[in-house]
>>> print(open('protein06.txt').read())   # compact mmCIF, C-alpha atoms and all ligand atoms
# COMPACT_ATOMS: atom_id res chain seq x y z
CA MET A 2 -9.53 4.94 -23.81
CA LEU A 3 -10.03 1.54 -22.15
CA VAL A 4 -7.00 0.38 -20.18
CA LEU A 5 -6.43 -3.20 -19.01
CA GLY A 6 -4.43 -3.15 -15.76
CA ILE A 7 -2.33 -6.11 -14.58
CA GLU A 8 -0.90 -6.41 -11.07
CA THR A 9 1.46 -9.21 -9.98
CA SER A 10 4.04 -7.57 -7.69
CA CYS A 11 3.59 -9.98 -4.79
CA ASP A 12 0.94 -12.61 -3.99
CA GLU A 13 -2.17 -11.01 -5.48
CA SER A 14 -2.94 -11.74 -9.13
CA ALA A 15 -5.20 -8.89 -10.17
CA VAL A 16 -6.72 -7.37 -13.29
CA ALA A 17 -8.94 -4.35 -13.87
CA ILE A 18 -10.39 -2.23 -16.63
CA TYR A 19 -10.37 1.55 -16.31
CA GLY A 20 -11.86 3.85 -18.94
CA ASP A 21 -12.87 7.45 -19.51
CA GLU A 22 -15.96 6.87 -17.35
CA GLY A 23 -13.88 5.48 -14.45
CA LEU A 24 -13.37 1.95 -13.14
CA LEU A 25 -15.35 -0.60 -15.14
CA SER A 26 -14.48 -3.70 -13.15
CA GLN A 27 -11.73 -5.44 -11.26
CA LYS A 28 -10.80 -8.93 -10.08
CA ILE A 29 -8.33 -9.94 -7.38
CA PHE A 30 -7.13 -13.46 -6.70
CA THR A 31 -5.28 -13.72 -3.37
CA GLN A 32 -2.92 -16.66 -3.50
CA ASN A 33 -3.34 -18.95 -0.52
CA SER A 34 -0.52 -21.35 -1.37
CA HIS A 35 1.82 -19.40 0.96
CA THR A 36 -0.18 -19.64 4.19
CA LYS A 37 1.41 -22.86 5.34
CA TYR A 38 4.91 -21.42 4.87
CA GLY A 39 4.18 -18.33 6.97
CA GLY A 40 5.27 -15.93 4.21
CA VAL A 41 5.31 -15.48 0.45
CA VAL A 42 7.36 -18.13 -1.42
CA PRO A 43 8.56 -16.28 -4.55
CA GLU A 44 8.70 -19.37 -6.80
CA LEU A 45 5.14 -20.39 -5.89
CA ALA A 46 3.90 -16.83 -6.37
CA SER A 47 5.27 -16.68 -9.95
CA ARG A 48 3.74 -20.05 -10.85
CA ASP A 49 0.37 -19.02 -9.41
CA HIS A 50 0.37 -15.74 -11.39
CA LEU A 51 1.17 -17.72 -14.53
CA SER A 52 -1.77 -20.07 -14.10
CA LYS A 53 -4.31 -17.49 -12.81
CA LEU A 54 -3.76 -14.48 -15.10
CA PRO A 55 -5.27 -16.01 -18.30
CA ILE A 56 -8.43 -16.97 -16.39
CA LEU A 57 -8.69 -13.58 -14.69
CA ILE A 58 -8.24 -11.71 -17.97
CA GLU A 59 -10.90 -13.81 -19.69
CA ASP A 60 -13.25 -13.23 -16.74
CA ILE A 61 -12.76 -9.47 -16.59
CA ILE A 62 -13.45 -9.08 -20.31
CA LYS A 63 -16.74 -10.99 -19.88
CA GLN A 64 -17.64 -9.14 -16.68
CA SER A 65 -17.05 -5.76 -18.36
CA ASN A 66 -19.23 -6.74 -21.31
CA ILE A 67 -16.52 -5.89 -23.81
CA LYS A 68 -14.36 -7.76 -26.31
CA MET A 69 -10.59 -8.13 -26.12
CA ALA A 70 -10.37 -5.98 -29.28
CA ASP A 71 -12.01 -3.08 -27.37
CA ILE A 72 -8.92 -2.70 -25.14
CA ASP A 73 -6.97 0.42 -26.17
CA ALA A 74 -3.94 0.11 -23.88
CA ILE A 75 -2.24 -2.11 -21.28
CA ALA A 76 -0.82 -0.98 -17.92
CA TYR A 77 1.23 -3.50 -15.96
CA THR A 78 3.09 -3.29 -12.65
CA ALA A 79 6.81 -3.34 -13.46
CA GLY A 80 8.11 -2.83 -9.89
CA PRO A 81 8.90 -2.66 -7.07
CA GLY A 82 8.17 -6.21 -5.93
CA LEU A 83 9.22 -9.84 -6.33
CA LEU A 84 11.14 -10.07 -9.57
CA GLY A 85 9.75 -13.44 -10.70
CA SER A 86 6.18 -12.27 -10.10
CA LEU A 87 6.82 -8.97 -11.89
CA VAL A 88 8.26 -10.83 -14.89
CA VAL A 89 5.01 -12.79 -15.29
CA GLY A 90 2.75 -9.69 -15.24
CA THR A 91 5.14 -7.73 -17.44
CA MET A 92 5.32 -10.50 -20.05
CA PHE A 93 1.53 -10.82 -20.11
CA GLY A 94 1.21 -7.05 -20.54
CA LYS A 95 3.76 -6.82 -23.33
CA THR A 96 2.42 -9.90 -25.13
CA ILE A 97 -1.19 -8.66 -25.13
CA SER A 98 0.04 -5.24 -26.22
CA SER A 99 1.88 -6.82 -29.20
CA ILE A 100 -1.03 -9.04 -30.22
CA LEU A 101 -3.63 -6.27 -30.00
CA LYS A 102 -1.17 -3.72 -31.42
CA VAL A 103 -1.97 -1.26 -28.62
CA PRO A 104 0.45 0.76 -26.46
CA SER A 105 1.53 -0.36 -23.00
CA LEU A 106 2.90 1.29 -19.88
CA ALA A 107 5.12 0.06 -17.05
CA VAL A 108 3.54 1.32 -13.80
CA ASN A 109 5.24 1.81 -10.45
CA HIS A 110 3.24 -0.19 -7.87
CA MET A 111 3.78 2.49 -5.20
CA GLU A 112 2.45 5.20 -7.51
CA GLY A 113 -0.61 2.97 -7.85
CA HIS A 114 -1.10 2.96 -4.06
CA LEU A 115 -0.32 6.68 -3.84
CA LEU A 116 -2.94 7.75 -6.37
CA SER A 117 -5.55 5.10 -5.44
CA PRO A 118 -7.64 7.54 -3.33
CA PHE A 119 -8.23 9.58 -6.50
CA ILE A 120 -9.69 6.73 -8.57
CA GLU A 121 -13.19 8.18 -8.18
CA ASP A 122 -12.20 11.78 -8.93
CA TYR A 123 -8.65 12.84 -9.70
CA LYS A 124 -9.66 16.47 -10.01
CA LYS A 125 -9.93 16.65 -6.22
CA ALA A 126 -6.12 16.63 -5.92
CA GLN A 127 -4.78 19.99 -4.72
CA PHE A 128 -1.03 20.23 -4.39
CA PRO A 129 1.14 20.21 -2.35
CA ILE A 130 -0.08 17.02 -0.68
CA LEU A 131 1.59 15.09 2.12
CA ALA A 132 1.42 11.32 1.59
CA LEU A 133 1.96 8.36 3.88
CA LEU A 134 2.36 5.04 2.05
CA VAL A 135 2.03 2.07 4.36
CA SER A 136 2.29 -1.40 2.87
CA GLY A 137 3.94 -4.76 3.47
CA GLY A 138 7.07 -3.71 1.62
CA HIS A 139 7.26 0.06 2.17
CA THR A 140 6.70 2.83 4.69
CA LEU A 141 7.16 6.16 2.94
CA LEU A 142 6.41 9.78 3.71
CA LEU A 143 6.23 11.85 0.53
CA GLU A 144 5.64 15.39 -0.55
CA VAL A 145 3.52 15.38 -3.70
CA ASN A 146 3.99 18.62 -5.61
CA GLY A 147 2.14 17.63 -8.76
CA TRP A 148 1.30 14.61 -10.91
CA GLY A 149 4.44 12.45 -10.91
CA GLU A 150 6.36 14.93 -8.72
CA TYR A 151 7.14 13.01 -5.57
CA ALA A 152 9.86 13.89 -3.05
CA VAL A 153 10.69 11.31 -0.38
CA LEU A 154 10.67 12.98 3.07
CA GLY A 155 11.03 9.82 5.15
CA GLU A 156 11.18 6.03 4.90
CA SER A 157 11.62 3.03 7.15
CA MET A 158 15.17 2.22 8.09
CA ASP A 159 14.27 -1.44 8.73
CA ASP A 160 10.91 -3.27 8.58
CA ALA A 161 7.97 -1.76 6.71
CA VAL A 162 5.00 -1.19 9.02
CA GLY A 163 2.94 -3.92 7.29
CA GLU A 164 5.86 -6.31 7.73
CA ALA A 165 5.98 -5.41 11.44
CA PHE A 166 2.24 -6.17 11.69
CA ASP A 167 2.79 -9.53 9.97
CA LYS A 168 5.78 -10.50 12.15
CA THR A 169 4.01 -9.45 15.36
CA ALA A 170 0.91 -11.36 14.24
CA LYS A 171 3.07 -14.50 14.10
CA LEU A 172 4.23 -13.85 17.68
CA LEU A 173 0.53 -13.75 18.59
CA ASP A 174 -0.01 -17.14 16.87
CA LEU A 175 -1.93 -15.68 13.93
CA GLY A 176 -1.57 -16.80 10.30
CA TYR A 177 0.06 -14.98 7.37
CA PRO A 178 -0.50 -12.19 6.40
CA GLY A 179 -1.60 -11.26 9.89
CA GLY A 180 -2.14 -7.49 9.81
CA HIS A 181 -5.90 -7.70 9.47
CA GLU A 182 -6.22 -10.55 12.01
CA LEU A 183 -4.06 -8.65 14.50
CA SER A 184 -6.28 -5.60 14.18
CA LYS A 185 -9.33 -7.80 14.94
CA LEU A 186 -7.66 -9.05 18.15
CA ALA A 187 -6.74 -5.47 19.04
CA GLN A 188 -10.41 -4.48 19.10
CA LYS A 189 -10.83 -6.64 22.22
CA GLY A 190 -7.72 -5.31 23.95
CA ASN A 191 -6.55 -2.44 26.12
CA PRO A 192 -4.02 -0.38 24.09
CA PHE A 193 -2.56 1.17 27.28
CA ARG A 194 -1.75 -2.10 29.10
CA PHE A 195 1.77 -2.49 27.64
CA ASP A 196 4.14 0.43 27.44
CA LEU A 197 5.74 -0.24 24.04
CA PRO A 198 8.39 2.06 22.53
CA ARG A 199 7.78 4.56 19.72
CA PRO A 200 11.18 4.18 18.01
CA VAL A 201 12.84 7.28 16.58
CA VAL A 202 15.69 7.46 14.09
CA LYS A 203 18.50 9.66 15.39
CA LYS A 204 18.93 12.92 13.46
CA GLN A 205 16.33 11.77 10.88
CA PRO A 206 13.03 12.53 12.59
CA LEU A 207 10.88 11.82 9.53
CA ASN A 208 12.31 8.32 9.03
CA PHE A 209 10.63 5.29 10.58
CA SER A 210 11.81 2.21 12.45
CA PHE A 211 9.65 -0.76 13.42
CA SER A 212 11.96 -3.73 14.01
CA GLY A 213 12.76 -2.73 17.62
CA LEU A 214 9.07 -2.48 18.43
CA LYS A 215 8.46 -6.02 17.20
CA THR A 216 11.46 -7.31 19.22
CA HIS A 217 10.10 -5.55 22.30
CA VAL A 218 6.81 -7.42 21.84
CA LEU A 219 8.75 -10.71 21.56
CA TYR A 220 10.61 -10.12 24.86
CA GLU A 221 7.45 -9.00 26.63
CA ILE A 222 5.60 -12.16 25.50
CA MET A 223 8.55 -14.33 26.65
CA ARG A 224 8.46 -12.61 30.06
CA LEU A 225 4.70 -13.06 30.45
CA LYS A 226 4.93 -16.72 29.44
CA LYS A 227 7.75 -17.30 31.93
CA GLU A 228 5.68 -15.71 34.68
CA GLY A 229 2.69 -17.84 33.62
CA ILE A 230 0.46 -14.84 32.91
CA TRP A 231 0.18 -15.07 29.12
CA TYR A 232 -3.63 -15.27 29.10
CA GLU A 233 -6.01 -14.78 26.16
CA GLN A 234 -6.69 -11.20 27.36
CA SER A 235 -2.91 -10.55 27.33
CA ARG A 236 -2.87 -11.41 23.60
CA PHE A 237 -5.67 -8.92 22.96
CA ASP A 238 -3.95 -6.23 25.04
CA MET A 239 -0.61 -6.85 23.30
CA ALA A 240 -2.25 -6.59 19.86
CA ALA A 241 -3.95 -3.33 20.86
CA SER A 242 -0.78 -1.88 22.43
CA PHE A 243 1.28 -2.80 19.35
CA GLU A 244 -1.29 -1.33 16.99
CA LEU A 245 -1.40 1.94 18.92
CA ALA A 246 2.41 2.17 18.97
CA CYS A 247 2.48 1.75 15.16
CA VAL A 248 -0.30 4.26 14.57
CA GLU A 249 1.28 6.85 16.87
CA SER A 250 4.70 6.36 15.22
CA LEU A 251 3.20 6.84 11.77
CA LEU A 252 1.14 9.89 12.68
CA LYS A 253 3.91 11.59 14.66
CA ARG A 254 5.83 11.95 11.36
CA CYS A 255 2.72 13.34 9.66
CA TYR A 256 2.16 15.96 12.38
CA ASP A 257 5.87 16.87 12.30
CA ALA A 258 5.95 17.22 8.50
CA ILE A 259 2.76 19.32 8.50
CA GLU A 260 4.08 21.62 11.25
CA LYS A 261 7.48 21.95 9.58
CA LYS A 262 5.75 23.02 6.37
CA GLU A 263 3.59 25.52 8.28
CA LYS A 264 6.74 27.12 9.72
CA THR A 265 8.80 27.18 6.52
CA SER A 266 6.37 27.83 3.67
CA ASN A 267 3.24 29.78 2.78
CA ASN A 268 2.17 26.89 0.58
CA ILE A 269 0.99 24.52 3.33
CA TYR A 270 -0.35 20.97 2.77
CA LYS A 271 -4.04 21.01 1.95
CA SER A 272 -4.43 17.25 2.01
CA LEU A 273 -2.93 14.08 3.42
CA ILE A 274 -3.02 10.85 1.39
CA VAL A 275 -2.76 7.62 3.37
CA SER A 276 -2.70 4.44 1.28
CA GLY A 277 -1.30 0.92 0.97
CA GLY A 278 -2.46 -2.24 2.76
CA VAL A 279 -2.12 -0.85 6.30
CA SER A 280 -4.48 2.03 5.43
CA ALA A 281 -7.27 -0.55 5.93
CA ASN A 282 -6.51 -0.38 9.66
CA MET A 283 -9.45 1.08 11.56
CA THR A 284 -7.43 2.48 14.49
CA LEU A 285 -5.23 4.33 12.00
CA ARG A 286 -8.36 5.68 10.29
CA ARG A 287 -9.80 6.90 13.61
CA HIS A 288 -6.58 8.70 14.50
CA LEU A 289 -6.52 10.27 11.04
CA ASP A 290 -9.94 11.79 11.66
CA ILE A 291 -8.51 13.49 14.76
CA LEU A 292 -5.48 14.73 12.79
CA SER A 293 -7.80 16.06 10.09
CA ASP A 294 -9.75 18.12 12.67
CA LYS A 295 -6.68 19.35 14.53
CA LYS A 296 -4.73 20.37 11.44
CA ASN A 297 -7.66 21.34 9.21
CA ILE A 298 -6.42 19.07 6.45
CA ASP A 299 -8.40 16.78 4.10
CA ILE A 300 -7.63 13.07 4.33
CA PHE A 301 -7.60 11.03 1.13
CA ILE A 302 -7.70 7.31 1.84
CA PRO A 303 -8.71 4.50 -0.55
CA GLU A 304 -11.90 2.52 -0.13
CA LEU A 305 -11.30 -0.69 1.82
CA SER A 306 -11.65 -2.80 -1.36
CA ILE A 307 -8.54 -1.19 -2.88
CA CYS A 308 -6.29 -0.64 0.17
CA THR A 309 -4.38 -3.86 -0.41
CA ASP A 310 -2.87 -4.88 -3.74
CA ASN A 311 -5.17 -4.54 -6.73
CA ALA A 312 -5.06 -3.76 -10.44
CA ALA A 313 -7.64 -0.96 -10.36
CA MET A 314 -4.94 1.44 -9.14
CA ILE A 315 -2.54 0.20 -11.86
CA ALA A 316 -5.10 0.62 -14.65
CA PHE A 317 -5.91 4.09 -13.25
CA VAL A 318 -2.27 5.27 -13.22
CA GLY A 319 -1.90 3.75 -16.69
CA TRP A 320 -4.95 5.67 -17.89
CA LEU A 321 -3.68 8.96 -16.37
CA ARG A 322 -0.18 8.66 -17.78
CA MET A 323 -1.19 7.27 -21.18
CA SER A 324 -3.84 10.01 -21.54
CA ALA A 325 -0.87 12.37 -21.21
CA GLY A 326 0.82 10.56 -24.08
CA GLU A 327 3.24 8.38 -22.14
CA ARG A 328 4.23 4.94 -23.50
CA THR A 329 6.75 2.30 -22.47
CA ASP A 330 9.04 0.58 -24.94
CA ASN A 331 8.51 -3.19 -24.91
CA GLN A 332 12.26 -3.65 -24.30
CA VAL A 333 11.97 -2.26 -20.76
CA ALA A 334 12.51 -4.90 -18.05
CA PRO A 335 10.73 -5.11 -14.67
CA ARG A 336 12.67 -4.06 -11.57
CA ALA A 337 12.51 -5.40 -8.02
CA ARG A 338 13.48 -1.94 -6.74
CA TRP A 339 12.00 1.20 -8.20
CA ASP A 340 12.25 4.38 -6.14
CA ILE A 341 9.01 6.37 -6.48
CA GLY A 342 11.10 9.54 -6.02
CA THR A 343 12.51 8.99 -9.54
CA SER A 344 9.04 9.21 -11.17
CA THR A 345 8.57 11.57 -14.10
CA LYS A 346 5.95 14.30 -14.03
CA PHE A 347 2.94 14.33 -16.32
CA ALA A 348 -0.08 16.52 -17.08
CA VAL A 349 -3.67 15.42 -16.51
CA LYS A 350 -6.75 16.33 -18.53
CA PRO A 351 -8.26 19.48 -16.93
O1 LIG A 401 -0.25 -2.90 -0.03
P1 LIG A 401 -0.23 -4.33 0.33
O2 LIG A 401 -1.40 -5.17 -0.08
O3 LIG A 401 1.02 -5.06 -0.24
C1 LIG A 401 2.25 -4.47 -0.43
O4 LIG A 401 2.40 -3.67 -1.38
O5 LIG A 401 3.14 -4.77 0.40
O6 LIG A 401 -0.04 -4.39 1.91
C2 LIG A 401 -0.08 -5.60 2.59
C3 LIG A 401 0.16 -5.33 4.05
C4 LIG A 401 0.39 -6.62 4.84
O7 LIG A 401 1.54 -6.46 5.61
C5 LIG A 401 -0.87 -6.71 5.69
O8 LIG A 401 -0.67 -7.39 6.91
C6 LIG A 401 -1.21 -5.26 5.90
O9 LIG A 401 -0.97 -4.68 4.64
N1 LIG A 401 -2.62 -5.07 6.31
C7 LIG A 401 -2.99 -4.53 7.50
C8 LIG A 401 -4.40 -4.54 7.53
N2 LIG A 401 -4.84 -5.06 6.35
C9 LIG A 401 -3.73 -5.38 5.61
N3 LIG A 401 -2.25 -4.05 8.51
C10 LIG A 401 -2.91 -3.56 9.58
N4 LIG A 401 -4.26 -3.54 9.70
C11 LIG A 401 -5.03 -4.01 8.71
N5 LIG A 401 -6.37 -3.96 8.82
ZN ZN A 402 1.07 -3.01 -2.47
>>> encode(input="protein06.txt", output="structure tokens")
Amino acid sequence: MLVLGIETSCDESAVAIYGDEGLLSQKIFTQNSHTKYGGVVPELASRDHLSKLPILIEDIIKQSNIKMADIDAIAYTAGPGLLGSLVVGTMFGKTISSILKVPSLAVNHMEGHLLSPFIEDYKKAQFPILALLVSGGHTLLLEVNGWGEYAVLGESMDDAVGEAFDKTAKLLDLGYPGGHELSKLAQKGNPFRFDLPRPVVKKQPLNFSFSGLKTHVLYEIMRLKKEGIWYEQSRFDMAASFELACVESLLKRCYDAIEKKEKTSNNIYKSLIVSGGVSANMTLRRHLDILSDKKNIDIFIPELSICTDNAAMIAFVGWLRMSAGERTDNQVAPRARWDIGTSTKFAVKP
């Protein structure tokens, strides 16, 4: 079964083809029309998806050396994300499905991120798995008990961690999205120079909070500027200190969830999935190696090329679920909010 995947949840227009032999090819167009506004402008994003998707689809068919008629099914991101952008991808998916007379599936973008580390080999998944999803829109800690069986253990009460990276990057005079740029600055800095908080959520230790951290950075920068000591090295040190605070906050919840499971169940976590745009962060990856050694747990993290938004993960989830017989009615509408905890379970080919 050859599945065409379409991703348009935010500002990446992406397509991919996934088949029984694995990923055939993928294309990602990152919209740059938003840079000058310092954030994604929903109206521009929808228009860009509309103009880029036909070109991308034509390209991917050529690149994969197949014909449009060879496509057996369509998987499109139906949420969560920007509604206007989702409508464009959804309409493309449903239209191609009607013209080719092939089935289609509405895919949850966060399930795409979650399962992206298994694109190469889904048979490596051994449940229960602990999962940390870190993107621009979400910070989620999940217990994965099987395919499609996801229980939310923790989530951010305010900013998502990627959003905190982007907002802090702006404070450091970097462009949008600034997560990657901030991490480059951090490489030149001392992560112990500034004593930034590791916010906790009262009575909900597995939930996250990042907005206070970002505000703390703002006040610290204002103080340094006032004192006339906001030098280039201070920017590097602030980036490094912020990055470390985020990484430690994220991993504290992972350690806590792993230890809680060890105390309360014989069925301990065998693996930890970390995925979403922020999983490209190298400091996070280094700290995960330490966690893996300390807790004797396997880390599943996507390749750098598919950490941020892409359609390979959407085509893959589509392939998994449609191989199990799942289909979506063409009447189903996209949704800006779609809780991954409400996913339905499915069986995979042994
Ligand atoms: O998963 P993603 O592409 O989009 C959403 O689903 O939201 O994640 C994008 C987020 C942005 O906030 C971006 O700044 C962040 O991932 N990001 C990073 C890095 N690369 C991307 N954050 C920290 N370090 C990075 N290397
Ligand atoms: Zn994403």
>>> residues_near_ligand(input="protein06.txt", ligand="ligand LIG 401 (chain A)", cutoff="6 Å", atoms="all atoms listed in the file", output="MDAnalysis selection string")
chainID A and resid 136:138 163:164 166:167 178:181 184 277:279 281:282 309:310
>>> write_last_selection(input="protein06.txt", atoms="C-alpha atoms", output="PDB file, in the frame of the given file")
ATOM      1  CA  SER A 136       2.290  -1.400   2.870  1.00  0.00           C
ATOM      2  CA  GLY A 137       3.940  -4.760   3.470  1.00  0.00           C
ATOM      3  CA  GLY A 138       7.070  -3.710   1.620  1.00  0.00           C
ATOM      4  CA  GLY A 163       2.940  -3.920   7.290  1.00  0.00           C
ATOM      5  CA  GLU A 164       5.860  -6.310   7.730  1.00  0.00           C
ATOM      6  CA  PHE A 166       2.240  -6.170  11.690  1.00  0.00           C
ATOM      7  CA  ASP A 167       2.790  -9.530   9.970  1.00  0.00           C
ATOM      8  CA  PRO A 178      -0.500 -12.190   6.400  1.00  0.00           C
ATOM      9  CA  GLY A 179      -1.600 -11.260   9.890  1.00  0.00           C
ATOM     10  CA  GLY A 180      -2.140  -7.490   9.810  1.00  0.00           C
ATOM     11  CA  HIS A 181      -5.900  -7.700   9.470  1.00  0.00           C
ATOM     12  CA  SER A 184      -6.280  -5.600  14.180  1.00  0.00           C
ATOM     13  CA  GLY A 277      -1.300   0.920   0.970  1.00  0.00           C
ATOM     14  CA  GLY A 278      -2.460  -2.240   2.760  1.00  0.00           C
ATOM     15  CA  VAL A 279      -2.120  -0.850   6.300  1.00  0.00           C
ATOM     16  CA  ALA A 281      -7.270  -0.550   5.930  1.00  0.00           C
ATOM     17  CA  ASN A 282      -6.510  -0.380   9.660  1.00  0.00           C
ATOM     18  CA  THR A 309      -4.380  -3.860  -0.410  1.00  0.00           C
ATOM     19  CA  ASP A 310      -2.870  -4.880  -3.740  1.00  0.00           C
TER      20      ASP A 310
END
>>> atom_distance(input="protein06.txt", atom1="CA of Ala152 in chain A", atom2="CA of Lys261 in chain A")
15.2 Å
>>> closest_residue(input="protein06.txt", among="A:Ala246, A:Lys262, A:Thr91, A:Gly190", to="Gln332 in chain A", atoms="only C-alpha atoms")
A:Thr91
>>> residues_near_ligand(input="protein06.txt", ligand="ligand ZN 402 (chain A)", cutoff="10 Å", atoms="all atoms listed in the file", output="short mmCIF file (atom, residue, chain, number, x, y, z; two decimals) with C-alpha atoms, in the coordinates of the input")
data_model
loop_
_atom_site.label_atom_id
_atom_site.label_comp_id
_atom_site.auth_asym_id
_atom_site.auth_seq_id
_atom_site.Cartn_x
_atom_site.Cartn_y
_atom_site.Cartn_z
CA GLU A 8 -0.90 -6.41 -11.07
CA THR A 9 1.46 -9.21 -9.98
CA SER A 10 4.04 -7.57 -7.69
CA CYS A 11 3.59 -9.98 -4.79
CA ASP A 12 0.94 -12.61 -3.99
CA GLU A 13 -2.17 -11.01 -5.48
CA PRO A 81 8.90 -2.66 -7.07
CA GLY A 82 8.17 -6.21 -5.93
CA HIS A 110 3.24 -0.19 -7.87
CA MET A 111 3.78 2.49 -5.20
CA GLU A 112 2.45 5.20 -7.51
CA GLY A 113 -0.61 2.97 -7.85
CA HIS A 114 -1.10 2.96 -4.06
CA LEU A 115 -0.32 6.68 -3.84
CA LEU A 134 2.36 5.04 2.05
CA VAL A 135 2.03 2.07 4.36
CA SER A 136 2.29 -1.40 2.87
CA GLY A 137 3.94 -4.76 3.47
CA GLY A 138 7.07 -3.71 1.62
CA HIS A 139 7.26 0.06 2.17
CA GLY A 163 2.94 -3.92 7.29
CA SER A 276 -2.70 4.44 1.28
CA GLY A 277 -1.30 0.92 0.97
CA GLY A 278 -2.46 -2.24 2.76
CA VAL A 279 -2.12 -0.85 6.30
CA ILE A 307 -8.54 -1.19 -2.88
CA CYS A 308 -6.29 -0.64 0.17
CA THR A 309 -4.38 -3.86 -0.41
CA ASP A 310 -2.87 -4.88 -3.74
CA ASN A 311 -5.17 -4.54 -6.73
#
>>> atom_distance(input="protein06.txt", atom1="CA of Ala258 in chain A", atom2="CA of Phe209 in chain A")
13.0 Å
>>> residues_around(input="protein06.txt", residues="Asp330 in chain A", least_positions_apart="2", cutoff="10 Å", atoms="all atoms listed in the file", output="PyMOL selection string")
chain A and resi 95+104-107+328+332-334
>>> residues_around(input="protein06.txt", residues="Arg287 in chain A", least_positions_apart="2", cutoff="12 Å", atoms="all atoms listed in the file", output="ChimeraX atom specification")
/A:245,248-249,252,280-285,289-294,300,302
>>> closest_residue(input="protein06.txt", among="A:Leu57, A:Pro351, A:Ile341, A:Ile7", to="Val153 in chain A", atoms="only C-alpha atoms")
A:Ile341
>>> closest_residue(input="protein06.txt", among="A:Ile274, A:Val318, A:Leu225, A:Leu251", to="Met239 in chain A", atoms="only C-alpha atoms")
A:Leu225
>>> closest_residue(input="protein06.txt", among="A:Pro198, A:Gly40, A:Gly155, A:Pro335", to="Gly213 in chain A", atoms="all atoms listed in the file")
A:Pro198
>>> residues_around(input="protein06.txt", residues="Asn109 in chain A", least_positions_apart="5", cutoff="7 Å", atoms="all atoms listed in the file", output="short mmCIF file (atom, residue, chain, number, x, y, z; two decimals) with C-alpha atoms, in the coordinates of the input")
data_model
loop_
_atom_site.label_atom_id
_atom_site.label_comp_id
_atom_site.auth_asym_id
_atom_site.auth_seq_id
_atom_site.Cartn_x
_atom_site.Cartn_y
_atom_site.Cartn_z
CA THR A 78 3.09 -3.29 -12.65
CA ALA A 79 6.81 -3.34 -13.46
CA GLY A 80 8.11 -2.83 -9.89
CA PRO A 81 8.90 -2.66 -7.07
#
>>> residues_around(input="protein06.txt", residues="Ala325 in chain A", least_positions_apart="5", cutoff="10 Å", atoms="all atoms listed in the file", output="ChimeraX atom specification")
/A:319-320,347-350
>>> closest_residue(input="protein06.txt", among="A:Met92, A:Ile298, A:Val275, A:Leu154", to="Pro118 in chain A", atoms="all atoms listed in the file")
A:Val275
>>> closest_residue(input="protein06.txt", among="A:Leu321, A:Ala165, A:Leu172, A:Val145", to="Tyr123 in chain A", atoms="only C-alpha atoms")
A:Leu321
>>> build_atoms(input="protein06.txt", residues="range 88-96 of chain A", atoms="N, CA, C and O atoms", output="CSV table (one decimal), in the frame of the given file")
chain,number,residue,atom,x,y,z
A,88,VAL,N,8.0,-10.4,-13.5
A,88,VAL,CA,8.3,-10.8,-14.9
A,88,VAL,C,7.0,-11.4,-15.5
A,88,VAL,O,6.7,-11.1,-16.7
A,89,VAL,N,6.2,-12.2,-14.7
A,89,VAL,CA,5.0,-12.8,-15.3
A,89,VAL,C,4.0,-11.7,-15.8
A,89,VAL,O,3.6,-11.7,-16.9
A,90,GLY,N,3.7,-10.7,-14.9
A,90,GLY,CA,2.8,-9.7,-15.2
A,90,GLY,C,3.2,-8.8,-16.4
A,90,GLY,O,2.5,-8.5,-17.3
A,91,THR,N,4.5,-8.5,-16.4
A,91,THR,CA,5.1,-7.7,-17.4
A,91,THR,C,5.0,-8.4,-18.8
A,91,THR,O,4.7,-7.8,-19.8
A,92,MET,N,5.4,-9.7,-18.8
A,92,MET,CA,5.3,-10.5,-20.0
A,92,MET,C,3.9,-10.6,-20.6
A,92,MET,O,3.7,-10.5,-21.8
A,93,PHE,N,2.9,-10.8,-19.7
A,93,PHE,CA,1.5,-10.8,-20.1
A,93,PHE,C,1.2,-9.5,-20.7
A,93,PHE,O,0.6,-9.4,-21.8
A,94,GLY,N,1.5,-8.4,-20.1
A,94,GLY,CA,1.2,-7.0,-20.5
A,94,GLY,C,1.8,-6.8,-21.9
A,94,GLY,O,1.1,-6.4,-22.8
A,95,LYS,N,3.1,-7.1,-22.1
A,95,LYS,CA,3.8,-6.8,-23.3
A,95,LYS,C,3.2,-7.7,-24.4
A,95,LYS,O,3.1,-7.3,-25.6
A,96,THR,N,2.9,-9.0,-24.1
A,96,THR,CA,2.4,-9.9,-25.1
A,96,THR,C,1.0,-9.4,-25.6
A,96,THR,O,0.8,-9.4,-26.8
